[in-house]
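Asker: My structure is stored as upload19.cif, with mmCIF, C-alpha atoms.
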data_my_file
#
loop_
_atom_site.label_atom_id
_atom_site.label_comp_id
_atom_site.auth_asym_id
_atom_site.auth_seq_id
_atom_site.Cartn_x
_atom_site.Cartn_y
_atom_site.Cartn_z
CA PRO J 1 2.46 19.93 -2.38
CA PRO J 2 4.14 20.00 -4.85
CA MET J 3 5.32 16.58 -3.64
CA VAL J 4 2.76 13.81 -4.12
CA ILE J 5 2.19 11.07 -1.55
CA GLY J 6 2.37 7.57 -3.01
CA ALA J 7 1.88 5.68 0.27
CA ALA J 8 1.63 6.31 4.00
CA GLU J 9 1.53 4.41 7.27
CA THR J 10 0.97 5.66 10.81
CA VAL J 11 2.86 4.06 13.70
CA GLY J 12 1.81 5.66 16.97
CA ASP J 13 2.68 9.34 16.68
CA THR J 14 4.86 8.79 13.62
CA LEU J 15 3.79 9.07 9.99
CA LEU J 16 5.84 7.27 7.34
CA VAL J 17 5.37 8.72 3.85
CA GLY J 18 6.40 7.49 0.42
CA VAL J 19 6.79 10.25 -2.18
CA LYS J 20 5.95 9.25 -5.74
CA ALA J 21 6.36 12.60 -7.51
CA GLY J 22 7.59 16.09 -6.85
CA ARG J 23 10.24 18.59 -7.84
CA ALA J 24 13.99 18.92 -7.53
CA PRO J 25 15.19 20.98 -4.55
CA THR J 26 15.74 24.69 -5.07
CA SER J 27 17.64 27.42 -3.26
CA GLU J 28 14.32 28.50 -1.75
CA ASN J 29 13.22 25.01 -0.68
CA ARG J 30 15.89 22.40 -0.06
CA PHE J 31 13.29 19.85 1.14
CA LEU J 32 11.77 19.27 -2.28
CA MET J 33 12.50 15.95 -4.00
CA THR J 34 11.21 14.06 -6.99
CA SER J 35 10.73 10.80 -5.07
CA GLY J 36 11.66 9.40 -1.71
CA PHE J 37 10.74 8.61 1.89
CA GLU J 38 9.83 10.96 4.73
CA ILE J 39 9.19 10.60 8.47
CA TYR J 40 6.92 12.97 10.40
CA ASP J 41 6.07 13.50 14.05
CA ILE J 42 2.25 13.77 14.15
CA SER J 43 1.75 13.96 17.92
CA ILE J 44 -0.12 17.17 17.03
CA TRP J 45 -1.98 15.97 13.94
CA ASP J 46 -2.64 19.35 12.34
CA ARG J 47 0.96 20.46 12.92
CA PRO J 48 3.19 17.64 11.59
CA ILE J 49 6.94 18.03 12.03
CA ARG J 50 9.24 16.55 9.40
CA LEU J 51 11.92 14.52 11.18
CA ALA J 52 13.82 13.18 8.18
CA GLN J 53 13.68 12.48 4.48
CA MET J 54 15.57 10.17 2.14
CA HIS J 55 15.80 10.45 -1.64
CA THR J 56 15.09 7.45 -3.86
CA ASP J 57 15.75 7.04 -7.57
CA HIS J 58 12.19 5.93 -8.34
CA PRO J 59 8.68 6.65 -7.00
CA VAL J 60 7.70 5.12 -3.65
CA THR J 61 4.15 3.75 -3.85
CA GLY J 62 4.18 1.35 -0.91
CA VAL J 63 5.28 1.70 2.74
CA ALA J 64 5.03 -0.79 5.60
CA SER J 65 7.02 -1.21 8.79
CA LEU J 66 7.79 -3.74 11.50
CA ASP J 67 10.11 -3.51 14.51
CA ASN J 68 11.59 -0.14 13.47
CA ILE J 69 12.37 -1.31 9.95
CA ALA J 70 10.51 0.30 7.02
CA TYR J 71 9.99 -1.46 3.72
CA LEU J 72 9.42 0.60 0.59
CA ALA J 73 7.98 -0.44 -2.78
CA ALA J 74 10.02 1.81 -5.04
CA GLY J 75 9.22 1.13 -8.68
CA ALA J 76 12.21 0.00 -10.72
CA SER J 77 14.35 0.06 -7.56
CA GLY J 78 12.29 -2.83 -6.19
CA LEU J 79 12.08 -3.32 -2.42
CA ILE J 80 14.11 -0.91 -0.29
CA VAL J 81 14.76 -1.67 3.40
CA VAL J 82 15.30 1.24 5.80
CA ASP J 83 16.35 1.19 9.46
CA ILE J 84 14.22 3.78 11.32
CA HIS J 85 15.30 3.08 14.91
CA ASP J 86 16.43 6.71 14.91
CA PRO J 87 13.58 8.46 13.06
CA GLU J 88 15.70 11.56 12.52
CA ASN J 89 18.41 9.55 10.76
CA PRO J 90 16.92 6.74 8.63
CA LEU J 91 19.51 4.37 7.17
CA ARG J 92 19.07 2.34 4.00
CA VAL J 93 20.20 -1.19 4.84
CA GLY J 94 18.94 -3.31 1.93
CA ASN J 95 17.68 -3.34 -1.62
CA TYR J 96 15.97 -6.11 -3.59
CA PRO J 97 15.53 -5.09 -7.25
CA MET J 98 12.96 -6.85 -9.43
CA SER J 99 14.65 -6.97 -12.82
CA GLY J 100 12.40 -5.65 -15.60
CA TYR J 101 9.49 -5.08 -13.21
CA GLN J 102 8.12 -2.30 -10.99
CA ALA J 103 7.44 -2.78 -7.28
CA THR J 104 4.01 -1.24 -6.67
CA ASP J 105 3.11 -1.96 -3.04
CA VAL J 106 4.14 -3.79 0.10
CA ALA J 107 2.13 -5.30 2.98
CA ILE J 108 3.22 -7.01 6.20
CA HIS J 109 1.36 -9.77 8.06
CA LYS J 110 2.69 -8.77 11.47
CA GLY J 111 1.55 -11.92 13.21
CA LYS J 112 3.69 -14.04 10.89
CA SER J 113 6.47 -11.51 10.17
CA LEU J 114 5.62 -12.07 6.53
CA LEU J 115 6.04 -9.44 3.83
CA ALA J 116 4.19 -9.46 0.51
CA LEU J 117 5.49 -7.36 -2.39
CA SER J 118 3.36 -6.66 -5.46
CA VAL J 119 5.26 -6.31 -8.72
CA ALA J 120 3.98 -5.25 -12.14
CA SER J 121 5.37 -5.41 -15.67
CA PRO J 122 4.75 -3.03 -18.59
CA PHE J 123 2.99 -5.90 -20.39
CA GLY J 124 -0.16 -6.02 -18.27
CA ASP J 125 0.82 -8.70 -15.77
CA GLY J 126 2.80 -9.15 -12.57
CA TYR J 127 3.27 -11.26 -9.47
CA ILE J 128 3.26 -11.29 -5.65
CA ARG J 129 6.50 -12.30 -3.94
CA PHE J 130 6.87 -13.14 -0.25
CA PHE J 131 9.72 -12.46 2.18
CA ASP J 132 10.40 -13.97 5.62
CA LEU J 133 11.20 -11.07 7.95
CA ASN J 134 12.44 -13.45 10.66
CA ARG J 135 15.47 -14.23 8.49
CA LEU J 136 18.37 -11.88 7.88
CA ASP J 137 18.42 -12.82 4.19
CA MET J 138 14.61 -12.33 3.93
CA ALA J 139 14.36 -15.56 1.95
CA ILE J 140 11.06 -16.81 0.53
CA PRO J 141 9.21 -18.41 3.47
CA GLN J 142 8.37 -22.09 3.28
CA GLY J 143 4.96 -22.70 1.71
CA PHE J 144 4.63 -19.20 0.26
CA SER J 145 5.41 -19.58 -3.41
CA THR J 146 5.35 -16.56 -5.70
CA ILE J 147 1.85 -15.89 -7.07
CA ALA J 148 1.90 -15.32 -10.83
CA LEU J 149 -0.64 -12.86 -12.19
CA ASN J 150 -0.19 -13.63 -15.86
CA GLU J 151 -3.06 -15.76 -17.11
CA GLY J 152 -6.80 -16.26 -17.01
CA GLU J 153 -8.88 -14.34 -14.49
CA LEU J 154 -5.73 -13.49 -12.53
CA GLN J 155 -3.93 -11.70 -15.34
CA GLY J 156 -3.31 -8.08 -14.53
CA GLU J 157 -1.06 -5.53 -12.89
CA PRO J 158 -1.22 -5.47 -9.08
CA LEU J 159 -1.60 -1.87 -7.89
CA ASP J 160 -2.15 -2.24 -4.15
CA ILE J 161 -2.15 -5.05 -1.59
CA GLN J 162 -3.25 -5.50 2.02
CA TRP J 163 -3.47 -8.29 4.58
CA PHE J 164 -6.79 -8.52 6.42
CA ASP J 165 -8.11 -11.40 8.53
CA ASN J 166 -5.26 -13.67 7.34
CA LYS J 167 -6.24 -13.08 3.72
CA LEU J 168 -4.31 -11.16 1.11
CA TYR J 169 -6.30 -8.59 -0.86
CA VAL J 170 -4.95 -7.46 -4.23
CA LEU J 171 -6.19 -4.53 -6.30
CA LEU J 172 -5.68 -5.72 -9.87
CA GLN J 173 -5.67 -3.53 -12.98
CA GLN J 174 -6.97 -5.63 -15.82
CA SER J 175 -7.89 -4.65 -19.38
CA GLY J 176 -10.22 -1.68 -18.87
CA GLN J 177 -11.30 -3.07 -15.50
CA LEU J 178 -10.36 -3.00 -11.83
CA SER J 179 -10.84 -6.16 -9.80
CA ILE J 180 -10.22 -7.08 -6.19
CA VAL J 181 -8.69 -10.52 -5.73
CA ILE J 182 -8.77 -12.22 -2.32
CA PHE J 183 -6.29 -15.03 -1.59
CA ASP J 184 -7.07 -17.36 1.30
CA GLY J 185 -5.14 -20.29 2.73
CA LEU J 186 -1.72 -18.91 1.81
CA GLY J 187 1.04 -20.99 3.36
CA THR J 188 -1.05 -24.16 3.10
CA GLN J 189 -1.72 -26.67 0.34
CA ASN J 190 -5.26 -25.35 -0.07
CA VAL J 191 -4.76 -21.88 -1.48
CA MET J 192 -7.98 -20.42 -2.87
CA HIS J 193 -8.80 -17.14 -4.55
CA ALA J 194 -11.89 -15.17 -5.46
CA VAL J 195 -12.08 -12.37 -8.04
CA TYR J 196 -14.50 -9.48 -7.56
CA PRO J 197 -14.88 -7.10 -10.52
CA VAL J 198 -15.42 -3.49 -9.45
CA ASP J 199 -18.56 -1.94 -10.93
CA ARG J 200 -17.16 1.59 -10.90
CA GLY J 201 -13.65 2.99 -11.32
CA LEU J 202 -11.81 1.69 -14.35
CA SER J 203 -8.18 2.48 -13.74
CA GLY J 204 -5.51 3.38 -11.23
CA GLY J 205 -6.13 3.48 -7.55
CA SER J 206 -5.34 2.51 -4.00
CA PHE J 207 -7.49 0.88 -1.34
CA VAL J 208 -8.05 0.23 2.35
CA VAL J 209 -9.75 -3.03 3.37
CA GLN J 210 -12.17 -3.02 6.31
CA HIS J 211 -14.58 -5.63 7.63
CA GLY J 212 -17.37 -5.97 5.06
CA GLN J 213 -16.20 -3.21 2.76
CA VAL J 214 -13.34 -1.78 0.74
CA ILE J 215 -12.43 1.90 0.47
CA LEU J 216 -11.16 2.55 -3.05
CA MET J 217 -9.65 5.55 -4.83
CA ALA J 218 -9.93 5.14 -8.60
CA SER J 219 -10.57 7.24 -11.71
CA GLY J 220 -10.81 10.45 -9.69
CA GLU J 221 -13.40 9.10 -7.26
CA TYR J 222 -13.52 8.05 -3.62
CA LEU J 223 -15.61 4.86 -3.45
CA ILE J 224 -16.98 2.65 -0.70
CA LEU J 225 -17.50 -0.86 -2.05
CA GLN J 226 -19.55 -3.70 -0.61
CA GLU J 227 -20.25 -7.13 -2.07
CA ASN J 228 -23.69 -7.46 -3.67
CA ASP J 229 -25.86 -10.55 -4.33
CA LEU J 230 -24.22 -11.04 -7.75
CA GLY J 231 -20.75 -11.43 -6.25
CA LYS J 232 -19.51 -8.06 -7.45
CA MET J 233 -18.02 -5.20 -5.48
CA GLU J 234 -20.75 -2.58 -5.76
CA ALA J 235 -20.20 1.12 -5.00
CA VAL J 236 -22.59 2.17 -2.21
CA TYR J 237 -21.04 5.62 -1.81
CA TRP J 238 -18.93 7.83 -4.03
CA GLN J 239 -17.65 11.38 -4.34
CA ALA J 240 -15.24 13.20 -6.63
CA LEU J 241 -11.79 13.08 -5.03
CA SER J 242 -8.28 12.15 -6.10
CA GLY J 243 -5.30 11.04 -4.05
CA GLU J 244 -3.81 8.19 -2.03
CA VAL J 245 -6.03 6.54 0.59
CA PHE J 246 -4.57 5.13 3.81
CA ALA J 247 -5.71 4.07 7.28
CA ASN J 248 -4.93 6.18 10.31
CA GLN J 249 -5.73 4.49 13.64
CA GLY J 250 -9.31 3.61 12.68
CA SER J 251 -9.91 6.60 10.43
CA VAL J 252 -9.49 6.73 6.67
CA MET J 253 -7.39 9.54 5.20
CA VAL J 254 -6.84 10.73 1.67
CA ALA J 255 -3.66 12.55 0.65
CA SER J 256 -4.74 14.88 -2.14
CA ASN J 257 -3.16 17.86 -3.84
CA GLN J 258 -4.79 20.01 -1.15
CA GLY J 259 -3.19 18.10 1.72
CA THR J 260 -4.37 15.20 3.87
CA VAL J 261 -8.05 15.02 4.84
CA ARG J 262 -10.25 12.60 6.78
CA VAL J 263 -13.01 11.03 4.66
CA PRO J 264 -16.31 9.31 5.59
CA THR J 265 -16.74 5.54 5.94
CA LEU J 266 -20.56 5.51 6.41
CA ASP J 267 -20.66 2.76 9.06
CA LEU J 268 -18.68 1.71 12.09
CA VAL J 269 -16.52 -1.19 10.95
CA ILE J 270 -13.65 -3.34 12.16
CA THR J 271 -10.43 -1.94 10.73
CA ASP J 272 -7.82 -4.28 12.21
CA VAL J 273 -7.36 -7.31 14.42
CA THR J 274 -4.11 -7.98 16.31
#
Now that the file is in, can you turn its structure into structure tokens?
Answerer:
Amino acid sequence: PPMVIGAAETVGDTLLVGVKAGRAPTSENRFLMTSGFEIYDISIWDRPIRLAQMHTDHPVTGVASLDNIAYLAAGASGLIVVDIHDPENPLRVGNYPMSGYQATDVAIHKGKSLLALSVASPFGDGYIRFFDLNRLDMAIPQGFSTIALNEGELQGEPLDIQWFDNKLYVLLQQSGQLSIVIFDGLGTQNVMHAVYPVDRGLSGGSFVVQHGQVILMASGEYLILQENDLGKMEAVYWQALSGEVFANQGSVMVASNQGTVRVPTLDLVITDVT
């Protein structure tokens, strides 16, 4: 505080942080910024050391990395690419603006070197665009067409995305409703999707997908969702809490205005498969 975390990813003993809000630097604190990207050494978790920070023009609400390159979803700035080979001196090496839209999150399928970027418009819709990280120009990979989120049960603003078990999960803000959309078969001719309305939490949010459940922050609550017999994502646990939720080596963390805290997950679950 007063800077607000918009996204985070842990890579070994390094924490990558996207800043979505804050304050301009002052003579008393030159490390303040209104939005940007930070890198921390967390080898001692309760004593993080800031290694570097980089200002951005717009809020960073998505962070993902692969092979010492970080990818930032940075609102109206679109997708920002940062070389972090030297974590004390990050270097911006690319920028892919999304004209008229806001980049909201980014997720990498590391097995396929495939990046998904969620993009929202101010008109209640958006899309998911894919990038091939094996190519220098990061062109759209063959078979991965842009997913439009502008009609029918798929209309809405994508807030958060995550790959899990070769499926792409999308947290979708619809009219007065949050839904979780799961896309399967991407990259093939048999792409399918399923839409799961959330029974609690009407707006905003971030999520972490685990085997058999979804951890969701929405409407000032921390929720654990599981699918019920009616095909809806039902809240089986909730508590009052606000912030950005992210995974940390099997644990689930929430970055709130009081700092970063570990939160319960109820059951032992699979969090990742590599």
Asker: Here's the selection I'm unsure about, the PyMOL selection byres ((chain J and resi 147) around 9); applied to the file above, which residues does it give, as a list in words?
Answerer: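 Given this file, the PyMOL selection byres ((chain J and resi 147) around 9) evaluates to Gly126, Tyr127, Ile128, Arg129, Phe130, Phe144, Ser145, Thr146, Ala148 and Leu149 of chain J.
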Asker: Residues of segment 77-183 of chain J that approach segment 215-233 of chain J to 9 Å or less, counting only C-alpha atoms: could you list each one with the shortest pair of atoms and its distance in Å to one decimal, rows by chain and increasing residue number, as CSV?
Answerer:
residue,atom,partner,partner_atom,distance
J:Leu178,CA,J:Ala218,CA,8.8
J:Ser179,CA,J:Met233,CA,8.4
J:Ile180,CA,J:Met233,CA,8.1
Asker: Hey, what's within 10 Å of Val93 of chain J if we count all atoms listed in the file and toss same-chain stuff fewer than 3 positions away? As number ranges by chain, please?
Answerer: J: 69, 80-83, 90
Asker: Report the residues retrieved by the PyMOL selection byres ((chain J and resi 255) around 10) from the displayed file, expressed as a list in words.
Answerer: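 Residues picked by the PyMOL selection byres ((chain J and resi 255) around 10): Val4, Ile5, Gly6, Ala7, Ala8, Leu241, Ser242, Gly243, Glu244, Val245, Phe246, Met253, Val254, Ser256, Asn257, Gln258, Gly259, Thr260, Val261 and Arg262 of chain J.
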Asker: Tell me, in Å to one decimal, how far atom CA of Ile84 of chain J is from atom CA of Phe207 of chain J.
Answerer: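 According to the coordinates, atom CA of Ile84 of chain J and atom CA of Phe207 of chain J are separated by 25.3 Å.
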Asker: With distances taken over only C-alpha atoms, which residue among J:Pro1, J:Tyr169, J:Ala70, J:Ala194 lies nearest Leu133 of chain J?
Answerer: J:Ala70
Asker: Using the chain letters and numbers from this file, what does the PyMOL selection byres ((chain J and resi 137) around 12) select? Give the answer as a compact mmCIF listing (two decimals) with C-alpha atoms, in the frame of the given file.
Answerer:
# COMPACT_ATOMS: atom_id res chain seq x y z
CA VAL J 81 14.76 -1.67 3.40
CA VAL J 93 20.20 -1.19 4.84
CA GLY J 94 18.94 -3.31 1.93
CA ASN J 95 17.68 -3.34 -1.62
CA TYR J 96 15.97 -6.11 -3.59
CA PHE J 131 9.72 -12.46 2.18
CA ASP J 132 10.40 -13.97 5.62
CA LEU J 133 11.20 -11.07 7.95
CA ASN J 134 12.44 -13.45 10.66
CA ARG J 135 15.47 -14.23 8.49
CA LEU J 136 18.37 -11.88 7.88
CA MET J 138 14.61 -12.33 3.93
CA ALA J 139 14.36 -15.56 1.95
CA ILE J 140 11.06 -16.81 0.53
CA PRO J 141 9.21 -18.41 3.47
Asker: Mind rebuilding segment 95-106 of chain J with all heavy atoms and writing that out as a PDB file, keeping the file's coordinate frame?
Answerer:
ATOM      1  N   ASN J  95      18.366  -3.626  -0.372  1.00  0.00           N
ATOM      2  CA  ASN J  95      17.680  -3.340  -1.620  1.00  0.00           C
ATOM      3  C   ASN J  95      17.518  -4.636  -2.406  1.00  0.00           C
ATOM      4  O   ASN J  95      18.476  -5.375  -2.594  1.00  0.00           O
ATOM      5  CB  ASN J  95      18.467  -2.317  -2.425  1.00  0.00           C
ATOM      6  CG  ASN J  95      17.714  -1.756  -3.623  1.00  0.00           C
ATOM      7  OD1 ASN J  95      18.275  -1.083  -4.455  1.00  0.00           O
ATOM      8  ND2 ASN J  95      16.422  -2.011  -3.713  1.00  0.00           N
ATOM      9  N   TYR J  96      16.273  -4.908  -2.836  1.00  0.00           N
ATOM     10  CA  TYR J  96      15.970  -6.110  -3.590  1.00  0.00           C
ATOM     11  C   TYR J  96      15.320  -5.708  -4.912  1.00  0.00           C
ATOM     12  O   TYR J  96      14.094  -5.568  -4.983  1.00  0.00           O
ATOM     13  CB  TYR J  96      15.043  -7.022  -2.790  1.00  0.00           C
ATOM     14  CG  TYR J  96      15.639  -7.524  -1.494  1.00  0.00           C
ATOM     15  CD1 TYR J  96      15.640  -6.717  -0.359  1.00  0.00           C
ATOM     16  CD2 TYR J  96      16.215  -8.780  -1.417  1.00  0.00           C
ATOM     17  CE1 TYR J  96      16.196  -7.158   0.830  1.00  0.00           C
ATOM     18  CE2 TYR J  96      16.772  -9.244  -0.228  1.00  0.00           C
ATOM     19  CZ  TYR J  96      16.755  -8.424   0.890  1.00  0.00           C
ATOM     20  OH  TYR J  96      17.309  -8.874   2.065  1.00  0.00           O
ATOM     21  N   PRO J  97      16.113  -5.487  -5.961  1.00  0.00           N
ATOM     22  CA  PRO J  97      15.530  -5.090  -7.250  1.00  0.00           C
ATOM     23  C   PRO J  97      14.766  -6.234  -7.891  1.00  0.00           C
ATOM     24  O   PRO J  97      15.062  -7.413  -7.652  1.00  0.00           O
ATOM     25  CB  PRO J  97      16.760  -4.701  -8.077  1.00  0.00           C
ATOM     26  CG  PRO J  97      17.902  -5.452  -7.466  1.00  0.00           C
ATOM     27  CD  PRO J  97      17.585  -5.560  -6.004  1.00  0.00           C
ATOM     28  N   MET J  98      13.764  -5.883  -8.689  1.00  0.00           N
ATOM     29  CA  MET J  98      12.960  -6.850  -9.430  1.00  0.00           C
ATOM     30  C   MET J  98      13.208  -6.593 -10.912  1.00  0.00           C
ATOM     31  O   MET J  98      12.539  -5.748 -11.516  1.00  0.00           O
ATOM     32  CB  MET J  98      11.472  -6.687  -9.091  1.00  0.00           C
ATOM     33  CG  MET J  98      11.165  -6.784  -7.610  1.00  0.00           C
ATOM     34  SD  MET J  98      11.387  -8.447  -6.934  1.00  0.00           S
ATOM     35  CE  MET J  98      12.131  -8.075  -5.341  1.00  0.00           C
ATOM     36  N   SER J  99      14.166  -7.261 -11.480  1.00  0.00           N
ATOM     37  CA  SER J  99      14.650  -6.970 -12.820  1.00  0.00           C
ATOM     38  C   SER J  99      13.519  -6.936 -13.855  1.00  0.00           C
ATOM     39  O   SER J  99      12.771  -7.904 -14.000  1.00  0.00           O
ATOM     40  CB  SER J  99      15.688  -8.010 -13.235  1.00  0.00           C
ATOM     41  OG  SER J  99      16.180  -7.747 -14.531  1.00  0.00           O
ATOM     42  N   GLY J 100      13.392  -5.798 -14.549  1.00  0.00           N
ATOM     43  CA  GLY J 100      12.400  -5.650 -15.600  1.00  0.00           C
ATOM     44  C   GLY J 100      10.988  -5.378 -15.108  1.00  0.00           C
ATOM     45  O   GLY J 100      10.065  -5.245 -15.917  1.00  0.00           O
ATOM     46  N   TYR J 101      10.814  -5.293 -13.796  1.00  0.00           N
ATOM     47  CA  TYR J 101       9.490  -5.080 -13.210  1.00  0.00           C
ATOM     48  C   TYR J 101       9.496  -3.860 -12.296  1.00  0.00           C
ATOM     49  O   TYR J 101      10.555  -3.329 -11.936  1.00  0.00           O
ATOM     50  CB  TYR J 101       9.055  -6.307 -12.409  1.00  0.00           C
ATOM     51  CG  TYR J 101       8.674  -7.505 -13.251  1.00  0.00           C
ATOM     52  CD1 TYR J 101       9.651  -8.337 -13.800  1.00  0.00           C
ATOM     53  CD2 TYR J 101       7.341  -7.821 -13.478  1.00  0.00           C
ATOM     54  CE1 TYR J 101       9.300  -9.440 -14.566  1.00  0.00           C
ATOM     55  CE2 TYR J 101       6.980  -8.935 -14.239  1.00  0.00           C
ATOM     56  CZ  TYR J 101       7.966  -9.725 -14.779  1.00  0.00           C
ATOM     57  OH  TYR J 101       7.616 -10.815 -15.538  1.00  0.00           O
ATOM     58  N   GLN J 102       8.287  -3.431 -11.892  1.00  0.00           N
ATOM     59  CA  GLN J 102       8.120  -2.300 -10.990  1.00  0.00           C
ATOM     60  C   GLN J 102       7.454  -2.771  -9.698  1.00  0.00           C
ATOM     61  O   GLN J 102       6.374  -3.373  -9.738  1.00  0.00           O
ATOM     62  CB  GLN J 102       7.221  -1.231 -11.642  1.00  0.00           C
ATOM     63  CG  GLN J 102       7.669  -0.769 -13.015  1.00  0.00           C
ATOM     64  CD  GLN J 102       8.713   0.320 -12.942  1.00  0.00           C
ATOM     65  OE1 GLN J 102       8.787   1.058 -11.969  1.00  0.00           O
ATOM     66  NE2 GLN J 102       9.527   0.426 -13.979  1.00  0.00           N
ATOM     67  N   ALA J 103       8.089  -2.498  -8.567  1.00  0.00           N
ATOM     68  CA  ALA J 103       7.440  -2.780  -7.280  1.00  0.00           C
ATOM     69  C   ALA J 103       6.370  -1.730  -7.048  1.00  0.00           C
ATOM     70  O   ALA J 103       6.633  -0.528  -7.116  1.00  0.00           O
ATOM     71  CB  ALA J 103       8.470  -2.758  -6.160  1.00  0.00           C
ATOM     72  N   THR J 104       5.131  -2.178  -6.783  1.00  0.00           N
ATOM     73  CA  THR J 104       4.010  -1.240  -6.670  1.00  0.00           C
ATOM     74  C   THR J 104       3.497  -1.063  -5.237  1.00  0.00           C
ATOM     75  O   THR J 104       2.998   0.005  -4.899  1.00  0.00           O
ATOM     76  CB  THR J 104       2.845  -1.688  -7.567  1.00  0.00           C
ATOM     77  OG1 THR J 104       2.411  -3.004  -7.166  1.00  0.00           O
ATOM     78  CG2 THR J 104       3.264  -1.705  -9.032  1.00  0.00           C
ATOM     79  N   ASP J 105       3.588  -2.099  -4.415  1.00  0.00           N
ATOM     80  CA  ASP J 105       3.110  -1.960  -3.040  1.00  0.00           C
ATOM     81  C   ASP J 105       3.718  -3.040  -2.170  1.00  0.00           C
ATOM     82  O   ASP J 105       4.271  -4.037  -2.673  1.00  0.00           O
ATOM     83  CB  ASP J 105       1.574  -2.028  -2.983  1.00  0.00           C
ATOM     84  CG  ASP J 105       1.004  -1.475  -1.680  1.00  0.00           C
ATOM     85  OD1 ASP J 105       1.722  -0.705  -1.001  1.00  0.00           O
ATOM     86  OD2 ASP J 105      -0.135  -1.803  -1.331  1.00  0.00           O
ATOM     87  N   VAL J 106       3.587  -2.855  -0.865  1.00  0.00           N
ATOM     88  CA  VAL J 106       4.140  -3.790   0.100  1.00  0.00           C
ATOM     89  C   VAL J 106       3.174  -3.884   1.278  1.00  0.00           C
ATOM     90  O   VAL J 106       2.535  -2.893   1.647  1.00  0.00           O
ATOM     91  CB  VAL J 106       5.545  -3.334   0.558  1.00  0.00           C
ATOM     92  CG1 VAL J 106       5.490  -1.980   1.245  1.00  0.00           C
ATOM     93  CG2 VAL J 106       6.208  -4.357   1.444  1.00  0.00           C
TER      94      VAL J 106
END
